[in-house]
file run22.cif (mmCIF, C-alpha atoms and all ligand atoms)
data_my_file
loop_
_atom_site.label_atom_id
_atom_site.label_comp_id
_atom_site.auth_asym_id
_atom_site.auth_seq_id
_atom_site.Cartn_x
_atom_site.Cartn_y
_atom_site.Cartn_z
CA MET A 1 0.00 0.00 0.00
CA ILE A 2 1.15 3.54 -0.71
CA SER A 3 1.72 5.19 2.66
CA ASP A 4 -0.70 7.92 3.77
CA SER A 5 1.91 10.66 3.56
CA LEU A 6 2.81 9.71 -0.01
CA ARG A 7 -0.87 9.58 -1.00
CA GLU A 8 -1.13 13.22 0.00
CA GLU A 9 1.61 14.08 -2.51
CA VAL A 10 -0.76 13.77 -5.46
CA TYR A 11 -2.85 16.69 -4.18
CA LYS A 12 0.15 19.02 -4.35
CA CYS A 13 0.21 18.88 -8.16
CA ILE A 14 -0.90 22.18 -9.71
CA LYS A 15 -0.59 20.73 -13.24
CA CYS A 16 1.92 23.39 -14.25
CA GLY A 17 3.79 20.98 -16.54
CA LEU A 18 7.26 22.12 -15.47
CA CYS A 19 8.22 18.50 -14.87
CA MET A 20 7.47 17.57 -18.48
CA ASN A 21 10.41 19.30 -20.09
CA ALA A 22 12.66 17.84 -17.43
CA CYS A 23 11.58 14.29 -18.27
CA PRO A 24 13.83 12.41 -20.72
CA VAL A 25 11.13 9.82 -21.39
CA TYR A 26 8.47 12.41 -22.20
CA LYS A 27 10.89 14.14 -24.54
CA GLN A 28 11.14 10.92 -26.53
CA LEU A 29 7.46 9.99 -26.56
CA TYR A 30 5.53 13.27 -26.30
CA PHE A 31 2.24 12.03 -24.89
CA GLU A 32 0.69 12.98 -21.57
CA GLY A 33 0.70 9.48 -20.07
CA ALA A 34 4.47 9.26 -20.58
CA SER A 35 5.02 12.51 -18.65
CA PRO A 36 5.48 12.84 -14.89
CA ARG A 37 2.39 15.07 -14.71
CA GLY A 38 0.31 12.47 -16.54
CA LYS A 39 1.60 9.68 -14.32
CA VAL A 40 0.84 11.65 -11.15
CA GLN A 41 -2.73 12.23 -12.35
CA LEU A 42 -3.19 8.55 -13.18
CA ILE A 43 -1.83 7.53 -9.76
CA LYS A 44 -4.27 9.98 -8.17
CA GLN A 45 -7.13 8.28 -10.02
CA VAL A 46 -5.96 4.88 -8.75
CA ILE A 47 -5.59 6.15 -5.17
CA GLU A 48 -9.12 7.57 -5.29
CA GLY A 49 -10.47 4.29 -6.65
CA LYS A 50 -11.57 5.86 -9.94
CA LEU A 51 -9.16 3.83 -12.07
CA GLU A 52 -8.44 0.13 -11.87
CA PRO A 53 -4.73 -0.57 -12.56
CA SER A 54 -4.45 -2.27 -15.95
CA ASP A 55 -1.61 -3.68 -18.03
CA HIS A 56 -1.42 -0.34 -19.82
CA PHE A 57 -1.17 1.55 -16.53
CA LEU A 58 1.57 -0.86 -15.44
CA ASP A 59 3.48 -0.18 -18.67
CA LEU A 60 3.25 3.57 -18.12
CA ILE A 61 4.49 3.40 -14.53
CA PHE A 62 7.45 1.28 -15.63
CA THR A 63 8.21 3.57 -18.58
CA CYS A 64 10.22 5.75 -16.28
CA LEU A 65 13.94 5.92 -15.55
CA LEU A 66 13.41 6.99 -11.91
CA CYS A 67 16.00 9.67 -12.73
CA GLU A 68 14.36 12.11 -10.23
CA ASN A 69 14.64 15.02 -12.65
CA CYS A 70 10.90 15.64 -12.36
CA SER A 71 11.05 15.74 -8.56
CA VAL A 72 13.89 18.27 -8.42
CA ASN A 73 12.13 20.51 -10.96
CA CYS A 74 8.64 20.43 -9.42
CA PRO A 75 7.74 23.81 -7.86
CA SER A 76 5.30 22.09 -5.50
CA GLY A 77 8.03 19.80 -4.19
CA LEU A 78 6.16 16.62 -5.15
CA LYS A 79 8.16 13.49 -4.45
CA ILE A 80 7.21 12.11 -7.85
CA ASP A 81 9.87 9.41 -7.96
CA ARG A 82 8.95 8.16 -4.48
CA LEU A 83 5.32 8.03 -5.52
CA MET A 84 6.28 6.06 -8.61
CA LYS A 85 8.41 3.61 -6.59
CA ALA A 86 5.58 3.04 -4.11
CA MET A 87 3.11 2.53 -6.99
CA ARG A 88 5.45 -0.04 -8.50
CA ALA A 89 5.38 -1.93 -5.20
CA GLU A 90 1.57 -2.03 -5.33
CA LEU A 91 1.62 -3.16 -8.94
CA GLU A 92 4.12 -5.91 -8.14
CA GLU A 93 1.69 -7.28 -5.56
CA LYS A 94 -1.14 -7.28 -8.12
CA PHE A 95 0.65 -8.33 -11.32
CA GLY A 96 3.88 -10.00 -10.10
CA LEU A 97 7.26 -9.61 -11.74
CA LYS A 98 8.43 -10.59 -15.20
CA TRP A 99 10.01 -14.05 -14.94
CA GLN A 100 13.39 -12.73 -16.07
CA LYS A 101 13.45 -10.22 -13.24
CA ARG A 102 12.23 -12.74 -10.70
CA MET A 103 15.06 -15.08 -11.69
CA ALA A 104 17.74 -12.35 -11.72
CA PHE A 105 16.62 -11.07 -8.32
CA GLN A 106 16.95 -14.55 -6.79
CA PHE A 107 20.67 -14.28 -7.60
CA LEU A 108 20.92 -10.79 -6.10
CA ARG A 109 19.32 -12.07 -2.89
CA SER A 110 21.98 -14.72 -2.34
CA SER A 111 25.72 -13.97 -2.40
CA ARG A 112 26.43 -17.65 -3.02
CA LEU A 113 24.05 -17.95 -5.98
CA LEU A 114 25.40 -14.70 -7.42
CA SER A 115 28.93 -16.00 -7.16
CA PHE A 116 27.92 -19.20 -9.04
CA ALA A 117 26.14 -17.12 -11.67
CA MET A 118 29.33 -15.15 -12.25
CA ILE A 119 31.31 -18.36 -12.75
CA GLY A 120 28.71 -19.39 -15.34
CA GLY A 121 28.89 -15.93 -16.90
CA ARG A 122 32.64 -16.22 -17.33
CA LEU A 123 32.20 -19.50 -19.18
CA LEU A 124 29.74 -17.79 -21.52
CA GLU A 125 32.02 -14.85 -22.35
CA PRO A 126 33.77 -16.51 -25.34
CA VAL A 127 30.32 -17.31 -26.78
CA LEU A 128 29.17 -13.68 -26.42
CA ALA A 129 32.37 -12.47 -28.07
CA SER A 130 32.12 -14.92 -30.98
CA SER A 131 31.62 -13.39 -34.39
CA MET A 132 28.23 -15.16 -34.70
CA ILE A 133 26.51 -13.05 -32.06
CA LYS A 134 28.85 -10.31 -30.88
CA ASP A 135 26.78 -7.66 -32.68
CA ARG A 136 23.53 -8.77 -31.04
CA LYS A 137 22.40 -6.65 -28.17
CA PHE A 138 21.34 -6.86 -24.55
CA GLY A 139 18.86 -3.99 -24.68
CA THR A 140 20.91 -1.27 -26.37
CA ILE A 141 24.34 -2.73 -25.52
CA PRO A 142 26.11 -5.03 -28.02
CA TYR A 143 27.22 -8.26 -26.33
CA ALA A 144 30.81 -7.52 -27.28
CA ARG A 145 30.69 -4.29 -25.23
CA ILE A 146 29.36 -5.85 -22.05
CA PRO A 147 32.13 -5.60 -19.43
CA LYS A 148 34.15 -8.70 -18.66
CA ILE A 149 33.57 -10.45 -15.35
CA ASN A 150 36.50 -10.26 -12.89
CA ARG A 151 38.44 -13.54 -12.85
CA VAL A 152 38.33 -13.38 -9.06
CA SER A 153 35.76 -11.22 -7.28
CA LEU A 154 37.27 -8.10 -5.71
CA ILE A 155 36.32 -9.21 -2.21
CA ASP A 156 38.23 -12.47 -2.71
CA GLN A 157 41.33 -10.59 -3.85
CA TYR A 158 41.81 -8.88 -0.47
CA PRO A 159 41.79 -9.74 3.21
CA GLU A 160 38.83 -8.37 5.15
CA THR A 161 41.01 -5.62 6.62
CA VAL A 162 43.50 -3.90 4.32
CA SER A 163 45.93 -1.82 6.36
CA PRO A 164 48.26 0.93 5.13
CA ASP A 165 52.02 0.32 5.27
CA GLY A 166 52.58 3.27 7.60
CA PRO A 167 50.65 4.71 10.54
CA VAL A 168 46.86 4.36 10.50
CA SER A 169 45.05 7.71 10.45
CA GLY A 170 41.50 6.43 10.00
CA ARG A 171 39.24 3.43 9.36
CA VAL A 172 36.41 3.01 6.88
CA LEU A 173 34.02 0.27 5.86
CA TYR A 174 34.03 -0.23 2.11
CA PHE A 175 30.69 -1.29 0.60
CA THR A 176 31.87 -2.51 -2.82
CA GLY A 177 28.50 -3.23 -4.42
CA CYS A 178 28.04 -6.05 -6.94
CA ALA A 179 29.28 -4.19 -10.01
CA THR A 180 32.69 -3.34 -8.56
CA ASN A 181 32.96 -6.73 -6.92
CA TYR A 182 32.21 -8.70 -10.07
CA PHE A 183 32.92 -6.42 -13.05
CA PHE A 184 35.07 -3.41 -12.23
CA GLU A 185 37.90 -4.70 -10.04
CA ASN A 186 40.12 -1.79 -11.09
CA VAL A 187 37.68 0.63 -9.44
CA GLY A 188 37.82 -1.34 -6.21
CA SER A 189 41.60 -1.73 -6.20
CA SER A 190 41.90 2.02 -6.93
CA VAL A 191 39.67 2.87 -3.94
CA ILE A 192 41.68 0.60 -1.63
CA SER A 193 45.06 1.78 -2.88
CA ILE A 194 44.16 5.51 -2.60
CA LEU A 195 42.78 5.08 0.91
CA ASN A 196 45.78 3.05 2.07
CA ARG A 197 48.19 5.65 0.69
CA LEU A 198 46.31 8.24 2.72
CA GLY A 199 46.82 6.13 5.84
CA VAL A 200 43.24 4.88 5.97
CA GLU A 201 42.54 1.29 6.95
CA VAL A 202 39.90 -0.32 4.74
CA ILE A 203 37.52 -2.96 6.07
CA ILE A 204 35.68 -4.85 3.34
CA PRO A 205 32.83 -6.81 4.98
CA ARG A 206 32.89 -10.23 3.34
CA ASP A 207 29.26 -10.85 4.09
CA GLN A 208 27.91 -7.71 2.41
CA MET A 209 25.02 -8.40 0.02
CA CYS A 210 23.69 -6.64 -3.07
CA CYS A 211 22.29 -3.28 -1.87
CA GLY A 212 18.90 -4.48 -3.14
CA LEU A 213 18.11 -1.31 -5.07
CA PRO A 214 17.64 -3.04 -8.45
CA ILE A 215 15.10 -5.31 -6.72
CA PHE A 216 13.05 -2.71 -4.88
CA LEU A 217 13.02 -0.23 -7.76
CA SER A 218 11.19 -2.95 -9.68
CA GLY A 219 8.58 -2.94 -6.94
CA ALA A 220 9.65 -6.19 -5.28
CA ARG A 221 10.10 -4.73 -1.80
CA SER A 222 9.38 -7.98 0.01
CA MET A 223 12.18 -9.65 -1.98
CA ALA A 224 14.61 -6.81 -1.23
CA ILE A 225 13.97 -6.54 2.49
CA LYS A 226 16.35 -9.41 3.36
CA ASN A 227 19.26 -7.60 1.68
CA ILE A 228 18.31 -4.28 3.27
CA LEU A 229 18.08 -5.58 6.84
CA HIS A 230 21.23 -7.69 6.48
CA ASN A 231 23.31 -4.80 5.15
CA ILE A 232 22.00 -2.44 7.82
CA GLU A 233 23.04 -4.93 10.50
CA ILE A 234 26.57 -5.59 9.25
CA LEU A 235 27.31 -1.96 8.39
CA ASN A 236 26.25 -0.81 11.85
CA ALA A 237 28.34 -3.49 13.57
CA GLN A 238 31.69 -1.68 13.42
CA ASN A 239 32.81 1.67 14.68
CA VAL A 240 34.38 3.47 11.71
CA ASP A 241 34.92 7.02 10.44
CA ALA A 242 32.72 6.43 7.39
CA ILE A 243 31.08 3.88 5.15
CA VAL A 244 32.60 4.46 1.73
CA VAL A 245 30.91 3.58 -1.59
CA ASP A 246 32.10 3.96 -5.17
CA CYS A 247 28.77 3.13 -6.82
CA ALA A 248 26.16 5.88 -7.14
CA THR A 249 23.31 3.39 -6.88
CA CYS A 250 24.62 1.68 -3.73
CA GLY A 251 25.22 5.12 -2.24
CA ALA A 252 21.63 6.16 -2.96
CA ALA A 253 20.40 2.95 -1.33
CA LEU A 254 22.47 3.38 1.83
CA LYS A 255 22.00 7.14 2.17
CA LYS A 256 18.35 7.46 1.29
CA GLU A 257 16.36 4.53 0.01
CA TYR A 258 16.76 2.17 2.98
CA THR A 259 15.31 4.82 5.29
CA ASN A 260 12.51 5.70 2.84
CA ILE A 261 11.45 2.10 2.37
CA LEU A 262 11.45 1.22 6.06
CA GLU A 263 9.56 4.44 6.81
CA GLU A 264 6.93 3.62 4.17
CA MET A 265 6.61 0.11 5.59
CA GLY A 266 6.03 1.58 9.06
CA ALA A 267 9.23 -0.01 10.44
CA ASN A 268 11.83 1.50 12.76
CA THR A 269 14.30 3.59 10.76
CA ASP A 270 16.92 4.38 13.45
CA ALA A 271 19.52 1.88 12.22
CA ALA A 272 19.00 2.89 8.57
CA ARG A 273 19.42 6.55 9.51
CA ALA A 274 22.65 5.72 11.36
CA ILE A 275 24.03 4.18 8.18
CA ALA A 276 22.83 7.08 6.06
CA ALA A 277 24.65 9.52 8.31
CA LYS A 278 27.95 7.63 7.94
CA THR A 279 27.82 6.84 4.20
CA LEU A 280 29.92 8.89 1.81
CA ASP A 281 30.62 8.59 -1.86
CA ILE A 282 34.35 8.06 -2.30
CA SER A 283 34.62 11.49 -3.97
CA GLN A 284 33.16 13.10 -0.83
CA PHE A 285 35.45 11.20 1.50
CA LEU A 286 38.55 12.15 -0.50
CA GLN A 287 37.70 15.86 -0.12
CA ARG A 288 39.02 15.52 3.44
CA PHE A 289 42.58 15.10 2.16
CA ASP A 290 45.09 17.29 0.39
CA LEU A 291 45.54 15.04 -2.62
CA LYS A 292 46.90 17.52 -5.09
CA LYS A 293 50.54 17.23 -4.07
CA MET A 294 50.36 13.44 -4.46
CA LEU A 295 49.20 13.44 -8.09
CA GLY A 296 51.39 13.10 -11.18
CA PRO A 297 50.34 14.10 -14.71
CA ILE A 298 47.87 12.31 -16.98
CA PRO A 299 48.00 14.13 -20.32
CA GLY A 300 44.59 14.22 -22.01
CA ARG A 301 41.11 15.66 -21.93
CA VAL A 302 38.37 14.38 -19.64
CA THR A 303 34.65 15.07 -19.35
CA TYR A 304 32.28 13.98 -16.57
CA HIS A 305 28.80 12.45 -16.66
CA ASP A 306 26.65 13.00 -13.54
CA PRO A 307 24.83 9.79 -12.56
CA CYS A 308 21.21 10.43 -11.50
CA HIS A 309 21.82 8.48 -8.29
CA LEU A 310 24.79 10.70 -7.44
CA ALA A 311 23.76 14.16 -8.64
CA ARG A 312 20.08 14.10 -7.68
CA SER A 313 19.71 11.28 -5.14
CA GLN A 314 22.79 12.35 -3.14
CA ALA A 315 23.46 15.94 -4.32
CA VAL A 316 27.06 14.97 -5.14
CA ARG A 317 28.19 17.04 -8.09
CA GLU A 318 31.39 18.90 -7.28
CA GLY A 319 33.35 16.13 -5.53
CA PRO A 320 34.07 14.01 -8.62
CA ARG A 321 34.79 17.12 -10.73
CA ASN A 322 37.23 18.43 -8.12
CA LEU A 323 39.14 15.15 -8.20
CA LEU A 324 39.46 15.29 -11.97
CA LYS A 325 40.47 18.96 -11.99
CA MET A 326 43.30 18.27 -9.53
CA ILE A 327 45.16 15.96 -11.92
CA PRO A 328 48.02 17.78 -13.68
CA GLU A 329 47.90 17.95 -17.50
CA LEU A 330 44.38 16.51 -17.58
CA GLU A 331 42.13 19.12 -19.16
CA PHE A 332 38.58 19.07 -17.75
CA VAL A 333 35.79 19.89 -20.22
CA GLU A 334 32.15 20.13 -19.19
CA MET A 335 29.75 18.38 -21.58
CA GLU A 336 26.36 19.78 -22.48
CA GLY A 337 23.66 18.30 -20.27
CA ALA A 338 26.20 16.56 -18.01
CA ASP A 339 23.49 15.73 -15.47
CA SER A 340 20.91 14.48 -17.94
CA CYS A 341 20.19 10.76 -17.63
CA CYS A 342 22.27 8.42 -19.82
CA GLY A 343 19.20 6.29 -20.60
CA GLY A 344 20.42 3.22 -18.71
CA GLY A 345 18.06 3.33 -15.74
CA GLY A 346 18.90 -0.16 -14.45
CA THR A 347 16.64 -2.54 -16.36
CA PHE A 348 15.05 0.33 -18.36
CA GLN A 349 17.47 0.05 -21.29
CA TRP A 350 16.69 -3.65 -21.54
CA GLU A 351 12.92 -3.23 -21.24
CA HIS A 352 12.63 -0.12 -23.45
CA PRO A 353 15.62 -0.19 -25.82
CA GLU A 354 13.94 2.01 -28.42
CA ILE A 355 13.30 4.82 -25.90
CA ALA A 356 16.64 4.34 -24.15
CA SER A 357 18.64 4.53 -27.36
CA GLY A 358 17.17 7.97 -28.17
CA ILE A 359 18.10 9.25 -24.71
CA THR A 360 21.56 7.68 -24.82
CA LYS A 361 22.25 9.15 -28.26
CA LYS A 362 21.94 12.66 -26.79
CA LYS A 363 24.47 11.70 -24.13
CA THR A 364 27.00 10.13 -26.50
CA ASP A 365 26.66 13.09 -28.91
CA ALA A 366 27.39 15.49 -26.03
CA ILE A 367 30.46 13.44 -25.11
CA LEU A 368 31.76 13.41 -28.68
CA GLN A 369 31.29 17.19 -28.94
CA THR A 370 33.72 17.77 -26.07
CA GLY A 371 36.61 16.12 -27.94
CA ALA A 372 37.47 14.31 -24.71
CA ASP A 373 39.41 11.08 -24.82
CA ILE A 374 38.19 10.04 -21.38
CA VAL A 375 34.67 10.06 -19.86
CA ALA A 376 34.48 9.68 -16.10
CA SER A 377 31.41 8.67 -14.13
CA GLY A 378 30.80 7.30 -10.66
CA CYS A 379 28.13 4.79 -11.59
CA PRO A 380 28.80 1.36 -13.08
CA GLY A 381 25.38 1.34 -14.77
CA CYS A 382 26.01 4.66 -16.53
CA ARG A 383 29.46 3.45 -17.44
CA MET A 384 28.05 0.32 -19.11
CA GLN A 385 25.37 2.30 -20.92
CA ILE A 386 27.79 4.95 -22.20
CA PHE A 387 30.57 2.55 -23.19
CA GLY A 388 28.04 0.18 -24.74
CA ASN A 389 26.69 2.91 -27.01
CA LEU A 390 29.74 5.05 -27.79
CA GLU A 391 30.62 3.14 -30.97
CA THR A 392 34.29 4.10 -30.65
CA ASP A 393 37.25 2.65 -28.81
CA LEU A 394 39.08 5.97 -28.87
CA ILE A 395 37.26 7.21 -25.75
CA ARG A 396 37.85 5.47 -22.43
CA VAL A 397 35.04 5.29 -19.89
CA VAL A 398 36.31 5.17 -16.31
CA HIS A 399 35.48 5.91 -12.68
CA PRO A 400 37.18 9.09 -11.37
CA VAL A 401 39.10 7.08 -8.75
CA GLU A 402 40.82 5.06 -11.47
CA LEU A 403 42.36 8.29 -12.75
CA VAL A 404 43.28 9.45 -9.25
CA ALA A 405 45.01 6.13 -8.48
CA LYS A 406 46.85 6.29 -11.81
CA ALA A 407 47.90 9.90 -11.13
CA MET A 408 49.26 8.79 -7.75
CA ASP A 409 51.39 6.19 -9.55
CA ASN A 410 52.74 8.69 -12.10
S1 LIG A 501 5.96 20.07 -11.93
FE1 LIG A 501 4.96 19.23 -10.11
S2 LIG A 501 3.15 20.52 -9.84
FE2 LIG A 501 3.86 20.86 -11.94
S3 LIG A 501 2.72 19.35 -13.19
FE3 LIG A 501 4.65 18.38 -12.62
S4 LIG A 501 4.15 17.23 -10.76
FE4 LIG A 501 2.49 18.73 -11.04
S1 LIG A 502 11.80 10.02 -12.83
FE1 LIG A 502 12.76 10.77 -14.75
S2 LIG A 502 11.93 9.44 -16.35
FE2 LIG A 502 10.60 9.17 -14.55
S3 LIG A 502 8.93 10.62 -14.82
FE3 LIG A 502 10.50 11.67 -13.59
S4 LIG A 502 11.79 12.76 -15.09
FE4 LIG A 502 10.57 11.24 -16.23
#

call {"tool": "encode", "arguments": {"input": "run22.cif", "output": "structure tokens", "more": "lines below"}}
Ligand code: SF4
Ligand code: SF4
result
Amino acid sequence: MISDSLREEVYKCIKCGLCMNACPVYKQLYFEGASPRGKVQLIKQVIEGKLEPSDHFLDLIFTCLLCENCSVNCPSGLKIDRLMKAMRAELEEKFGLKWQKRMAFQFLRSSRLLSFAMIGGRLLEPVLASSMIKDRKFGTIPYARIPKINRVSLIDQYPETVSPDGPVSGRVLYFTGCATNYFFENVGSSVISILNRLGVEVIIPRDQMCCGLPIFLSGARSMAIKNILHNIEILNAQNVDAIVVDCATCGAALKKEYTNILEEMGANTDAARAIAAKTLDISQFLQRFDLKKMLGPIPGRVTYHDPCHLARSQAVREGPRNLLKMIPELEFVEMEGADSCCGGGGTFQWEHPEIASGITKKKTDAILQTGADIVASGCPGCRMQIFGNLETDLIRVVHPVELVAKAMDN
């Protein structure tokens, strides 16, 4: 059920339409039902019992990237994305999940199953890269441009506590998230190496689970609750200076969504709020240090894409840019619409490839216009979407910390 406080949100809408131009989906489809305003009005009808949710209504509610651009542009302060997430949870109870999602989420709910799935995925990689099918796509991303799975998961490459060589000046918990753990080991090793060089001890909880955000954004809150409660328990178990994340989506889960979900379910939120208060994106945590004197040159030109889950969910915009601007001989160029959604949206690009590809094209065009040879972004999902659609190997797509770690080596 949508909580009483969220139900009241629909009455704040003055139908001004300011959210419409902010909505990347509406700007592809141009019909009222695809717009945030249209969706809010439809949800209002459902709440008031004047509209029975149908398959078409379900399609409209899921034709949304949950990018939050409507919410931040609404003059009435409507929490449109929260309303949409809560509606998805109601629809999941009525209609269930697509079988593909149900199956994928079973893996995300069990670290052991996920680990087995990754072993299977590695065996499949030569097939995906074979000339027969490498041009076929997963949503908008050609198989050949899907990132390779780490040979050994990041967590298994390190002891649970990674201490600096010299004196210890601080301690953090590192929530790696699934993408860094299984796909982007270089991001994880960069985080650990930078922190250790700064004298920070890094604790990587071995029993951390998927943050659960891909599950609960699909409406399956009851499936996600195990991950949420487990992570809250283990992350609150140790006394540290901060909980550090390198994934925008995990950060949004820990800082905001866990509390929102528990609040909407009428559960106690104290422990979730304690985690939220301690969680920092790695770019925020690194602002505490004087890094500049430790960085060598990386000649080139870099641009930065703001992930929705970092820029809007967490209001982190300057931190990653500051890191990039500190690196000698690396020219920073702002792209047009840097904070507009890349079109990935978790499973959105798979479920709506024709809409996603139009949104992503705007992003890749903006990147190409900068003349940059590197694109940095703090979200593995954005990274996959951008790299998967760039159609050139001349531009590298990286996490900002990979450049910082490299600059420290130079
Ligand atoms: S911007 Fe807000 S108030 Fe205006 S139409 Fe959209 S949801 Fe309604
Ligand atoms: S969250 Fe993004 S995609 Fe969804 S309605 Fe709002 S602006 Fe449009």

call {"tool": "residues_around", "arguments": {"input": "run22.cif", "residues": "range 337-344 of chain A", "least_positions_apart": "5", "cutoff": "6 Å", "atoms": "all atoms listed in the file", "output": "NGL selection string"}}
result
:A and (305-306 or 349 or 356 or 359-360 or 363 or 385)

call {"tool": "closest_residue", "arguments": {"input": "run22.cif", "among": "A:Ile203, A:Gly219, A:Ala248, A:Pro380", "to": "Arg102 in chain A", "atoms": "only C-alpha atoms"}}
result
A:Gly219

call {"tool": "residues_near_ligand", "arguments": {"input": "run22.cif", "ligand": "ligand LIG 502 (chain A)", "cutoff": "6 Å", "atoms": "only C-alpha atoms and all ligand atoms", "output": "MDAnalysis selection string"}}
result
chainID A and resid 22:25 35:36 64:70 81

call {"tool": "residues_near_ligand", "arguments": {"input": "run22.cif", "ligand": "ligand LIG 501 (chain A)", "cutoff": "12 Å", "atoms": "only C-alpha atoms and all ligand atoms", "output": "PyMOL selection string"}}
result
chain A and resi 9-23+26+32+35-44+68-81+83-84

call {"tool": "closest_residue", "arguments": {"input": "run22.cif", "among": "A:Gly49, A:Ile327, A:Ile204, A:Asn389", "to": "Gly358 in chain A", "atoms": "all atoms listed in the file"}}
result
A:Asn389

call {"tool": "atom_distance", "arguments": {"input": "run22.cif", "atom1": "CA of Ile155 in chain A", "atom2": "CA of Lys226 in chain A"}}
result
20.7 Å

call {"tool": "atom_distance", "arguments": {"input": "run22.cif", "atom1": "CA of Ile355 in chain A", "atom2": "CA of Leu29 in chain A"}}
result
7.8 Å

call {"tool": "residues_around", "arguments": {"input": "run22.cif", "residues": "Glu125 in chain A", "least_positions_apart": "5", "cutoff": "12 Å", "atoms": "all atoms listed in the file", "output": "PDB file with C-alpha atoms, keeping the file's coordinate frame"}}
result
ATOM      1  CA  MET A 118      29.330 -15.150 -12.250  1.00  0.00           C
ATOM      2  CA  ILE A 119      31.310 -18.360 -12.750  1.00  0.00           C
ATOM      3  CA  GLY A 120      28.710 -19.390 -15.340  1.00  0.00           C
ATOM      4  CA  SER A 130      32.120 -14.920 -30.980  1.00  0.00           C
ATOM      5  CA  ILE A 133      26.510 -13.050 -32.060  1.00  0.00           C
ATOM      6  CA  LYS A 134      28.850 -10.310 -30.880  1.00  0.00           C
ATOM      7  CA  TYR A 143      27.220  -8.260 -26.330  1.00  0.00           C
ATOM      8  CA  ALA A 144      30.810  -7.520 -27.280  1.00  0.00           C
ATOM      9  CA  ARG A 145      30.690  -4.290 -25.230  1.00  0.00           C
ATOM     10  CA  ILE A 146      29.360  -5.850 -22.050  1.00  0.00           C
ATOM     11  CA  PRO A 147      32.130  -5.600 -19.430  1.00  0.00           C
ATOM     12  CA  LYS A 148      34.150  -8.700 -18.660  1.00  0.00           C
ATOM     13  CA  ILE A 149      33.570 -10.450 -15.350  1.00  0.00           C
ATOM     14  CA  ASN A 150      36.500 -10.260 -12.890  1.00  0.00           C
ATOM     15  CA  ARG A 151      38.440 -13.540 -12.850  1.00  0.00           C
TER      16      ARG A 151
END

call {"tool": "atom_distance", "arguments": {"input": "run22.cif", "atom1": "CA of Ala274 in chain A", "atom2": "CA of Asp290 in chain A"}}
result
27.5 Å

call {"tool": "closest_residue", "arguments": {"input": "run22.cif", "among": "A:Pro307, A:Pro353, A:Pro297, A:Gly346", "to": "Glu329 in chain A", "atoms": "only C-alpha atoms"}}
result
A:Pro297

call {"tool": "closest_residue", "arguments": {"input": "run22.cif", "among": "A:Ser189, A:Ser5, A:Asn196, A:Thr176", "to": "Asn231 in chain A", "atoms": "all atoms listed in the file"}}
result
A:Thr176

call {"tool": "closest_residue", "arguments": {"input": "run22.cif", "among": "A:Leu195, A:Ile232, A:Leu91, A:Ile141", "to": "Ile386 in chain A", "atoms": "only C-alpha atoms"}}
result
A:Ile141

call {"tool": "axis_aligned_box", "arguments": {"input": "run22.cif", "around": "range 329-333 of chain A", "padding_each_side": "8 Å", "output": "AutoDock Vina command-line options"}}
result
--center_x 41.8 --center_y 18.2 --center_z -18.9 --size_x 28.1 --size_y 19.4 --size_z 18.7

call {"tool": "closest_residue", "arguments": {"input": "run22.cif", "among": "A:Arg221, A:Leu324, A:Ala129, A:Ser111", "to": "Asn181 in chain A", "atoms": "all atoms listed in the file"}}
result
A:Ser111

call {"tool": "residues_near_point", "arguments": {"input": "run22.cif", "point": "(3.4, 5.6, -20.5)", "cutoff": "6 Å", "atoms": "all atoms listed in the file", "output": "count of residues only"}}
result
4

call {"tool": "decode", "arguments": {"input": "run22.cif", "residues": "range 385-393 of chain A", "atoms": "N, CA and C atoms", "output": "tab-separated table (two decimals), in the first residue's frame"}}
result
chain	number	residue	atom	x	y	z
A	385	GLN	N	26.25	1.75	-19.91
A	385	GLN	CA	25.37	2.30	-20.92
A	385	GLN	C	26.14	3.20	-21.90
A	386	ILE	N	27.03	4.03	-21.35
A	386	ILE	CA	27.79	4.95	-22.20
A	386	ILE	C	28.79	4.18	-23.05
A	387	PHE	N	29.58	3.31	-22.43
A	387	PHE	CA	30.57	2.55	-23.19
A	387	PHE	C	29.87	1.66	-24.24
A	388	GLY	N	28.76	1.08	-23.84
A	388	GLY	CA	28.04	0.18	-24.74
A	388	GLY	C	27.49	0.87	-25.97
A	389	ASN	N	27.31	2.18	-25.89
A	389	ASN	CA	26.69	2.91	-27.01
A	389	ASN	C	27.61	3.93	-27.67
A	390	LEU	N	28.86	4.01	-27.24
A	390	LEU	CA	29.74	5.05	-27.79
A	390	LEU	C	30.21	4.77	-29.22
A	391	GLU	N	30.23	3.53	-29.61
A	391	GLU	CA	30.62	3.14	-30.97
A	391	GLU	C	32.02	3.60	-31.34
A	392	THR	N	32.88	3.82	-30.37
A	392	THR	CA	34.29	4.10	-30.65
A	392	THR	C	35.12	3.55	-29.51
A	393	ASP	N	36.33	3.11	-29.85
A	393	ASP	CA	37.25	2.65	-28.81
A	393	ASP	C	38.28	3.72	-28.48
